[in-house]
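Enquirer: What follows is upload-v8.txt; its format and atoms are compact mmCIF, C-alpha atoms and all ligand atoms.
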```
# COMPACT_ATOMS: atom_id res chain seq x y z
CA MET A 1 62.99 88.12 -38.28
CA MET A 2 63.16 89.35 -41.81
CA ARG A 3 64.41 86.24 -43.48
CA PRO A 4 62.50 83.28 -42.25
CA ALA A 5 64.21 80.76 -44.47
CA ALA A 6 66.91 80.14 -42.03
CA LEU A 7 64.88 80.51 -38.96
CA ALA A 8 63.02 77.89 -40.73
CA LEU A 9 66.13 75.91 -41.11
CA PRO A 10 64.79 73.84 -38.29
CA ALA A 11 67.54 71.56 -39.11
CA GLY A 12 69.73 71.35 -41.92
CA ALA A 13 69.95 74.14 -44.31
CA ALA A 14 73.44 75.30 -43.86
CA PRO A 15 73.03 77.02 -40.53
CA GLY A 16 75.37 79.93 -40.42
CA THR A 17 74.49 81.26 -43.82
CA ASP A 18 71.72 83.55 -42.72
CA PRO A 19 72.44 85.86 -39.80
CA ALA A 20 68.77 86.62 -39.46
CA ALA A 21 68.19 82.97 -38.76
CA ARG A 22 70.09 82.93 -35.54
CA PRO A 23 68.87 83.50 -32.06
CA PRO A 24 70.37 86.65 -30.61
CA ALA A 25 73.29 86.17 -28.29
CA GLY A 26 72.43 89.08 -26.05
CA PRO A 27 70.26 89.35 -22.99
CA SER A 28 66.85 87.81 -23.22
CA ALA A 29 63.45 88.04 -21.69
CA GLY A 30 63.88 84.80 -19.81
CA SER A 31 60.49 84.77 -18.15
CA ALA A 32 59.95 81.04 -17.83
CA ALA A 33 61.27 79.36 -14.73
CA THR A 34 64.26 77.13 -15.29
CA PRO A 35 63.52 73.56 -14.24
CA PRO A 36 65.66 72.44 -11.32
CA ALA A 37 67.49 69.71 -13.27
CA ALA A 38 68.38 71.86 -16.29
CA SER A 39 72.03 72.64 -17.04
CA SER A 40 73.26 76.19 -17.40
CA SER A 41 73.76 75.68 -21.15
CA TYR A 42 70.18 74.41 -21.45
CA ALA A 43 68.91 77.44 -19.56
CA ALA A 44 70.98 79.83 -21.70
CA SER A 45 69.78 78.26 -24.96
CA ARG A 46 66.21 78.30 -23.74
CA ARG A 47 66.38 81.99 -22.85
CA ARG A 48 67.82 82.88 -26.27
CA LEU A 49 65.13 80.86 -28.01
CA GLU A 50 62.42 82.53 -25.98
CA THR A 51 63.60 85.94 -27.12
CA TYR A 52 64.12 84.78 -30.67
CA PHE A 53 60.80 83.05 -31.25
CA ASP A 54 58.84 85.61 -29.24
CA ARG A 55 60.29 88.71 -30.89
CA THR A 56 62.77 88.39 -33.75
CA ALA A 57 61.20 85.45 -35.52
CA ARG A 58 57.58 85.59 -34.46
CA ASP A 59 56.12 86.99 -37.69
CA ALA A 60 58.31 84.86 -39.92
CA TRP A 61 57.43 81.75 -37.99
CA GLU A 62 53.75 82.64 -38.17
CA LYS A 63 54.02 82.91 -41.94
CA LEU A 64 56.10 79.80 -42.41
CA THR A 65 53.61 77.74 -40.44
CA SER A 66 50.63 79.09 -42.38
CA ASP A 67 49.42 78.53 -45.93
CA ALA A 68 50.70 81.93 -47.06
CA PRO A 69 52.99 81.83 -50.09
CA VAL A 70 56.69 81.68 -49.25
CA SER A 71 59.85 81.79 -51.33
CA GLY A 72 61.38 78.70 -52.91
CA ILE A 73 63.86 78.04 -50.12
CA ARG A 74 61.26 78.50 -47.44
CA ALA A 75 58.86 76.33 -49.39
CA THR A 76 61.35 73.47 -49.17
CA VAL A 77 61.59 74.02 -45.42
CA ARG A 78 57.82 74.03 -45.13
CA ALA A 79 57.60 70.84 -47.18
CA GLY A 80 60.26 69.19 -45.03
CA ARG A 81 58.51 70.20 -41.86
CA ASP A 82 55.19 68.91 -43.18
CA ALA A 83 56.85 65.59 -43.99
CA MET A 84 58.42 65.42 -40.54
CA ARG A 85 55.13 66.17 -38.82
CA ALA A 86 53.42 63.49 -40.90
CA THR A 87 56.16 61.01 -39.97
CA LEU A 88 55.83 61.70 -36.25
CA LEU A 89 52.04 61.59 -36.39
CA GLY A 90 52.38 58.31 -38.29
CA TRP A 91 54.24 56.87 -35.29
CA LEU A 92 51.42 57.80 -32.91
CA PRO A 93 48.21 55.79 -32.55
CA ALA A 94 45.43 56.67 -34.99
CA ASP A 95 42.95 56.66 -32.13
CA MET A 96 44.31 58.63 -29.21
CA ARG A 97 41.20 58.77 -27.07
CA GLY A 98 42.15 58.38 -23.43
CA LEU A 99 45.80 59.20 -24.12
CA ARG A 100 47.63 62.23 -22.75
CA LEU A 101 50.17 63.84 -25.11
CA LEU A 102 52.71 66.58 -24.54
CA ASP A 103 53.70 68.70 -27.54
CA ALA A 104 57.03 69.92 -26.17
CA GLY A 105 58.00 73.16 -27.86
CA CYS A 106 54.75 73.25 -29.81
CA GLY A 107 55.34 76.49 -31.73
CA THR A 108 52.15 77.47 -33.52
CA GLY A 109 50.56 74.17 -32.65
CA SER A 110 49.97 72.10 -35.80
CA LEU A 111 50.99 68.79 -34.27
CA ALA A 112 49.03 69.49 -31.10
CA VAL A 113 45.88 70.13 -33.12
CA ALA A 114 46.37 66.94 -35.16
CA ALA A 115 46.79 64.88 -31.99
CA ALA A 116 43.76 66.50 -30.38
CA ARG A 117 41.72 65.67 -33.48
CA ARG A 118 42.60 62.01 -32.85
CA GLY A 119 41.08 62.31 -29.42
CA ALA A 120 44.22 62.88 -27.34
CA THR A 121 44.20 65.06 -24.26
CA VAL A 122 46.90 67.49 -25.34
CA VAL A 123 49.15 69.76 -23.32
CA ALA A 124 51.05 72.03 -25.70
CA ILE A 125 53.84 74.09 -24.23
CA ASP A 126 56.23 76.62 -25.67
CA VAL A 127 58.62 79.04 -24.05
CA ALA A 128 57.60 81.70 -26.62
CA GLY A 129 54.30 83.15 -25.47
CA GLY A 130 53.79 84.91 -28.81
CA LEU A 131 53.68 81.58 -30.62
CA ILE A 132 51.23 80.20 -28.08
CA ASP A 133 48.99 83.21 -28.80
CA ILE A 134 49.08 82.34 -32.51
CA ALA A 135 48.45 78.66 -31.77
CA ARG A 136 45.48 79.48 -29.57
CA ASP A 137 44.01 81.81 -32.21
CA ARG A 138 44.49 79.26 -34.96
CA ALA A 139 43.21 76.20 -33.16
CA PRO A 140 39.78 75.10 -34.40
CA ALA A 141 36.97 75.70 -31.94
CA ASP A 142 36.14 72.02 -31.71
CA VAL A 143 39.47 70.92 -30.23
CA ALA A 144 40.36 71.50 -26.60
CA ILE A 145 44.08 71.93 -25.99
CA ASP A 146 45.77 72.98 -22.78
CA TRP A 147 48.11 75.68 -24.14
CA ARG A 148 50.94 76.63 -21.80
CA VAL A 149 53.74 79.16 -21.88
CA GLY A 150 56.80 77.76 -20.18
CA ASP A 151 59.52 75.18 -20.18
CA MET A 152 58.89 71.72 -21.56
CA LEU A 153 60.80 70.26 -18.60
CA ASP A 154 58.47 71.75 -16.01
CA PRO A 155 57.71 68.78 -13.73
CA ALA A 156 54.31 70.30 -12.91
CA LEU A 157 53.12 69.21 -16.36
CA GLY A 158 52.85 65.70 -14.99
CA ARG A 159 53.04 62.38 -16.80
CA PHE A 160 52.12 61.55 -20.37
CA ASP A 161 51.38 58.59 -22.59
CA HIS A 162 53.32 60.17 -25.46
CA VAL A 163 55.64 63.15 -25.80
CA VAL A 164 56.67 64.80 -29.07
CA ALA A 165 59.48 67.33 -29.40
CA MET A 166 59.54 68.21 -33.09
CA ASP A 167 62.54 70.40 -33.92
CA SER A 168 62.42 72.01 -30.49
CA LEU A 169 65.79 70.60 -29.39
CA ILE A 170 67.77 71.40 -32.51
CA HIS A 171 69.31 74.49 -30.91
CA TYR A 172 70.64 72.58 -27.91
CA ARG A 173 73.94 70.81 -27.38
CA ALA A 174 74.00 67.02 -27.60
CA GLU A 175 74.32 66.62 -23.82
CA ASP A 176 71.29 68.86 -23.28
CA ILE A 177 69.27 66.99 -25.91
CA VAL A 178 70.03 63.73 -24.14
CA ALA A 179 69.38 65.11 -20.65
CA THR A 180 66.07 66.55 -21.88
CA ALA A 181 65.15 63.23 -23.48
CA ALA A 182 65.96 61.43 -20.22
CA ALA A 183 63.83 63.84 -18.16
CA LEU A 184 60.89 63.60 -20.57
CA ALA A 185 61.19 59.82 -20.96
CA ALA A 186 60.95 59.39 -17.19
CA ARG A 187 57.49 61.02 -17.37
CA THR A 188 56.31 59.14 -20.46
CA HIS A 189 54.60 55.74 -20.43
CA GLY A 190 54.63 55.28 -24.20
CA ALA A 191 56.74 56.82 -26.93
CA LEU A 192 59.00 59.85 -26.75
CA LEU A 193 59.44 61.24 -30.26
CA LEU A 194 62.16 63.81 -30.79
CA THR A 195 64.16 65.24 -33.61
CA PHE A 196 67.68 66.54 -33.85
CA ALA A 197 69.75 68.20 -36.56
CA PRO A 198 72.03 65.48 -37.91
CA GLN A 199 75.61 66.41 -38.52
CA THR A 200 76.34 66.25 -42.21
CA PRO A 201 79.59 67.43 -43.79
CA ALA A 202 77.89 70.61 -45.04
CA LEU A 203 76.41 71.46 -41.66
CA LYS A 204 79.65 70.74 -39.88
CA ALA A 205 81.49 73.08 -42.21
CA MET A 206 78.98 75.85 -41.64
CA HIS A 207 79.16 75.37 -37.90
CA LEU A 208 82.93 75.71 -38.00
CA VAL A 209 82.68 78.82 -40.15
CA GLY A 210 80.31 80.29 -37.59
CA LYS A 211 82.86 79.68 -34.89
CA LEU A 212 85.54 81.44 -36.88
CA PHE A 213 83.44 84.56 -36.69
CA PRO A 214 82.29 84.58 -33.09
CA ARG A 215 80.22 87.73 -33.29
CA GLY A 216 76.93 87.17 -31.55
CA ASN A 217 74.86 87.33 -34.69
CA ARG A 218 77.03 84.75 -36.40
CA ALA A 219 76.43 82.02 -33.88
CA PRO A 220 74.65 79.23 -35.69
CA ALA A 221 71.04 78.76 -34.74
CA ILE A 222 71.15 75.05 -35.11
CA ILE A 223 73.63 72.72 -33.49
CA PRO A 224 74.24 69.73 -35.71
CA VAL A 225 74.98 66.57 -33.76
CA ARG A 226 76.30 63.20 -34.89
CA GLU A 227 73.62 60.55 -35.02
CA ALA A 228 75.98 57.94 -33.58
CA LEU A 229 76.81 60.22 -30.66
CA VAL A 230 73.15 60.88 -29.90
CA ARG A 231 72.36 57.18 -30.01
CA ARG A 232 75.33 56.27 -27.82
CA ARG A 233 74.50 58.89 -25.21
CA LEU A 234 70.81 58.05 -25.23
CA ALA A 235 71.63 54.38 -24.69
CA ALA A 236 73.84 55.32 -21.74
CA ALA A 237 71.34 57.77 -20.22
CA LEU A 238 68.28 55.62 -20.86
CA PRO A 239 69.29 51.98 -20.41
CA ALA A 240 65.66 50.91 -20.02
CA HIS A 241 64.69 52.43 -23.38
CA ARG A 242 65.42 51.59 -26.98
CA VAL A 243 65.12 53.37 -30.30
CA ALA A 244 62.12 51.72 -31.93
CA ARG A 245 62.06 53.71 -35.18
CA ASP A 246 63.97 56.49 -36.80
CA ALA A 247 63.69 58.55 -39.97
CA ARG A 248 65.62 61.31 -41.64
CA ILE A 249 63.81 63.95 -43.66
CA GLY A 250 65.90 65.94 -46.09
CA THR A 251 64.06 68.22 -48.48
CA GLY A 252 65.95 71.14 -49.92
CA PHE A 253 66.85 73.42 -47.05
CA TYR A 254 65.44 71.21 -44.33
CA THR A 255 67.18 68.26 -42.75
CA SER A 256 66.06 66.69 -39.50
CA HIS A 257 66.35 63.26 -37.94
CA ALA A 258 63.56 61.76 -35.84
CA ILE A 259 63.79 58.98 -33.33
CA GLU A 260 61.16 57.12 -31.38
CA LEU A 261 62.21 56.08 -27.88
CA VAL A 262 60.17 53.44 -26.10
CA ARG A 263 60.66 51.38 -22.98
CA ALA A 264 62.69 48.29 -23.80
C1 LIG B 1 61.86 75.13 -34.52
S1 LIG B 1 60.49 75.51 -33.50
C2 LIG B 1 59.45 74.10 -33.74
C3 LIG B 1 58.04 74.33 -33.25
C4 LIG B 1 57.09 73.13 -33.43
N1 LIG B 1 57.51 71.98 -32.67
C5 LIG B 1 56.97 72.81 -34.88
O1 LIG B 1 57.58 71.83 -35.32
O2 LIG B 1 56.28 73.54 -35.61
C6 LIG B 1 61.19 75.22 -31.90
C7 LIG B 1 60.24 75.64 -30.77
O3 LIG B 1 60.70 75.07 -29.55
C8 LIG B 1 60.47 76.02 -28.53
N2 LIG B 1 61.34 75.68 -27.40
C9 LIG B 1 62.68 75.54 -27.42
N3 LIG B 1 63.13 75.18 -26.21
C10 LIG B 1 62.05 75.08 -25.41
C11 LIG B 1 61.88 74.71 -24.04
N4 LIG B 1 62.91 74.40 -23.28
N5 LIG B 1 60.63 74.68 -23.54
C12 LIG B 1 59.55 75.01 -24.31
N6 LIG B 1 59.67 75.37 -25.62
C13 LIG B 1 60.89 75.39 -26.17
C14 LIG B 1 60.81 77.35 -29.21
O4 LIG B 1 60.28 78.45 -28.51
C15 LIG B 1 60.19 77.13 -30.58
O5 LIG B 1 58.85 77.56 -30.63
```
Since I need it in another form, could you write the structure as structure tokens?
Expert:
Amino acid sequence: MMRPAALALPAGAAPGTDPAARPPAGPSAGSAATPPAASSSYAASRRRLETYFDRTARDAWEKLTSDAPVSGIRATVRAGRDAMRATLLGWLPADMRGLRLLDAGCGTGSLAVAAARRGATVVAIDVAGGLIDIARDRAPADVAIDWRVGDMLDPALGRFDHVVAMDSLIHYRAEDIVATAAALAARTHGALLLTFAPQTPALKAMHLVGKLFPRGNRAPAIIPVREALVRRRLAAALPAHRVARDARIGTGFYTSHAIELVRA
């Protein structure tokens, strides 16, 4: 991935403007097992993301998630992501000793490390094994994290006190985001924190432009979804849960919306 800015558009920055930002549409490695309950569109997205983050975007993602200097656009994405991570961590207990947390789609592992530093027992899973390698190499020696390569919906992961899916569902359709949230919430005693790419007029326009040019490399990486739609579908799929908090981070080329789901 030569142009990480848009890969780094983990929500917001005019998806569709940077072909290099988009997961490839072609065949993929697809090594992780597809969870039994996953839809075919979920499985297809997951396979594309595995290829993308493991191969095309690995180096760019490594750089974006490091302290290495990045260009202005990418710096705004990094700043937005830092703000989002801080927001999500702010919604978790300060003392997490005795609590089990799943970092679902952990990437290079920053949130997992922060939770482990608070004392949580952390399982961090990503479908891209290359990112897990980076996460494992980067993790400080004094934190113990159970790094896994695979699908966040794998039932074998067990139950958790808290689950966080930061920007790992932004490439999925609304119905798959909601189905994933429902599956994860059923295994979570406490809070399920997830983010989605909110549909703004600019993002909607870019998405439509992408559809006008349906070549594989023009498919937008990020699927913007309407906040009201997500809320309505979550309420229908999870009647025993409620949205306790939400926050939208918009900094330059990064826009992402976080919600905290808890049992009602
Ligand atoms: C935009 S990155 C965000 C990574 C990390 N959460 C962060 O904020 O730095 C999205 C990550 O989700 C992972 N991912 C997407 N779908 C997944 C799935 N079904 N199971 C596990 N990981 C997944 C991708 O491989 C990618 O590393």
Enquirer: For ligand LIG 1 (chain B), which of A:Glu175, A:Asp246, A:Asp151, A:Asp103 is the closest residue, counting all atoms listed in the file?
Expert: A:Asp151
Enquirer: Would you list the residues near (70.8, 56.0, -24.7) (no more than 12 Å away, in the coordinates of the file, using all atoms listed in the file) as an MDAnalysis selection string?
Expert: chainID A and resid 174:175 177:182 185 227:243 259:264
Enquirer: List every protein, DNA or RNA residue that has at least one atom no more than 10 Å from (47.9, 68.4, -33.0) in the file's coordinates, counting only C-alpha atoms, and write the result as a PyMOL selection string.
Expert: chain A and resi 85+89+101-103+106+109-120+122-124+139+143+145
Enquirer: So, counting all atoms listed in the file, which residue among A:Ile73, A:Leu88, A:Leu169, A:Val225 is closest to ligand LIG 1 (chain B)?
Expert: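 When distances to ligand LIG 1 (chain B) are compared using all atoms listed in the file, the smallest one comes from A:Leu169.
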Enquirer: Which residue out of A:Arg46, A:Phe160, A:Asp133, A:Thr121 has the minimum interatomic distance to Arg97 of chain A when only C-alpha atoms are used?
Expert: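 Of the candidates, the smallest distance to Arg97 of chain A is held by A:Thr121.
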Enquirer: Please report, as JSON lines, each residue of chain A lying at most 7 Å from ligand LIG 1 (chain B), together with the nearest pair of atoms and the separation in Å rounded to one decimal; use all atoms listed in the file, and order rows by chain and ascending residue number.
Expert:
```
{"residue": "A:Ala8", "atom": "CA", "partner": "B:LIG1", "partner_atom": "C1", "distance": 6.9}
{"residue": "A:Pro10", "atom": "CA", "partner": "B:LIG1", "partner_atom": "C1", "distance": 4.9}
{"residue": "A:Arg46", "atom": "CA", "partner": "B:LIG1", "partner_atom": "N3", "distance": 5.0}
{"residue": "A:Leu49", "atom": "CA", "partner": "B:LIG1", "partner_atom": "O4", "distance": 5.4}
{"residue": "A:Glu50", "atom": "CA", "partner": "B:LIG1", "partner_atom": "O4", "distance": 5.3}
{"residue": "A:Phe53", "atom": "CA", "partner": "B:LIG1", "partner_atom": "O4", "distance": 5.4}
{"residue": "A:Thr65", "atom": "CA", "partner": "B:LIG1", "partner_atom": "O2", "distance": 6.9}
{"residue": "A:Arg81", "atom": "CA", "partner": "B:LIG1", "partner_atom": "O1", "distance": 6.8}
{"residue": "A:Ala104", "atom": "CA", "partner": "B:LIG1", "partner_atom": "C12", "distance": 6.0}
{"residue": "A:Gly105", "atom": "CA", "partner": "B:LIG1", "partner_atom": "N6", "distance": 3.6}
{"residue": "A:Cys106", "atom": "CA", "partner": "B:LIG1", "partner_atom": "N1", "distance": 4.2}
{"residue": "A:Gly107", "atom": "CA", "partner": "B:LIG1", "partner_atom": "C3", "distance": 3.8}
{"residue": "A:Thr108", "atom": "CA", "partner": "B:LIG1", "partner_atom": "O2", "distance": 6.1}
{"residue": "A:Gly109", "atom": "CA", "partner": "B:LIG1", "partner_atom": "O2", "distance": 6.5}
{"residue": "A:Ser110", "atom": "CA", "partner": "B:LIG1", "partner_atom": "O2", "distance": 6.5}
{"residue": "A:Ile125", "atom": "CA", "partner": "B:LIG1", "partner_atom": "C12", "distance": 5.8}
{"residue": "A:Asp126", "atom": "CA", "partner": "B:LIG1", "partner_atom": "N6", "distance": 3.7}
{"residue": "A:Val127", "atom": "CA", "partner": "B:LIG1", "partner_atom": "N6", "distance": 4.1}
{"residue": "A:Ala128", "atom": "CA", "partner": "B:LIG1", "partner_atom": "O4", "distance": 4.6}
{"residue": "A:Leu131", "atom": "CA", "partner": "B:LIG1", "partner_atom": "O5", "distance": 6.5}
{"residue": "A:Gly150", "atom": "CA", "partner": "B:LIG1", "partner_atom": "C12", "distance": 5.7}
{"residue": "A:Asp151", "atom": "CA", "partner": "B:LIG1", "partner_atom": "N5", "distance": 3.6}
{"residue": "A:Met152", "atom": "CA", "partner": "B:LIG1", "partner_atom": "N5", "distance": 4.0}
{"residue": "A:Leu153", "atom": "CA", "partner": "B:LIG1", "partner_atom": "N4", "distance": 6.6}
{"residue": "A:Ala165", "atom": "CA", "partner": "B:LIG1", "partner_atom": "N1", "distance": 6.0}
{"residue": "A:Met166", "atom": "CA", "partner": "B:LIG1", "partner_atom": "N1", "distance": 4.3}
{"residue": "A:Asp167", "atom": "CA", "partner": "B:LIG1", "partner_atom": "C1", "distance": 4.8}
{"residue": "A:Ser168", "atom": "CA", "partner": "B:LIG1", "partner_atom": "O3", "distance": 3.6}
{"residue": "A:Leu169", "atom": "CA", "partner": "B:LIG1", "partner_atom": "C9", "distance": 6.2}
```
Enquirer: Record the distance separating atom CA of Met84 of chain A and atom CA of Ser39 of chain A, expressed in Å with one decimal.
Expert: 28.1 Å
Enquirer: How many Å lie between atom CA of Arg138 of chain A and atom CA of Ser66 of chain A, rounded to one decimal?
Expert: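 Going from atom CA of Arg138 of chain A over to atom CA of Ser66 of chain A, I get 9.6 Å.
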Enquirer: Please determine, counting only C-alpha atoms, which residue among A:His257, A:Arg245, A:Arg100, A:Val149 has the shortest atom-to-atom distance to Gln199 of chain A.
Expert: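 Ranking A:His257, A:Arg245, A:Arg100, A:Val149 by distance to Gln199 of chain A, first place goes to A:His257.
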Enquirer: With only C-alpha atoms as the basis for distance, which of A:Ile222, A:Ala38, A:Ile249, A:Leu184 is at the shortest distance from Arg78 of chain A?
Expert: A:Ile249
Enquirer: Please report the interatomic distance between atom CA of Ala94 of chain A and atom CA of His162 of chain A in Å with one decimal.
Expert: 12.9 Å
Enquirer: Return as JSON the box centre and box size in Å, one decimal, for an axis-aligned box around all listed atoms of segment 237-240 of chain A padded by 3 Å per side.
Expert:
```
{"center_x": 68.5, "center_y": 54.3, "center_z": -20.4, "size_x": 11.7, "size_y": 12.9, "size_z": 6.8}
```
Enquirer: Find the residue from A:Thr76, A:Ser40, A:Thr188, A:Thr251 that sits nearest to Leu99 of chain A; use all atoms listed in the file when measuring.
Expert: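 Smallest separation from Leu99 of chain A among the options: A:Thr188.
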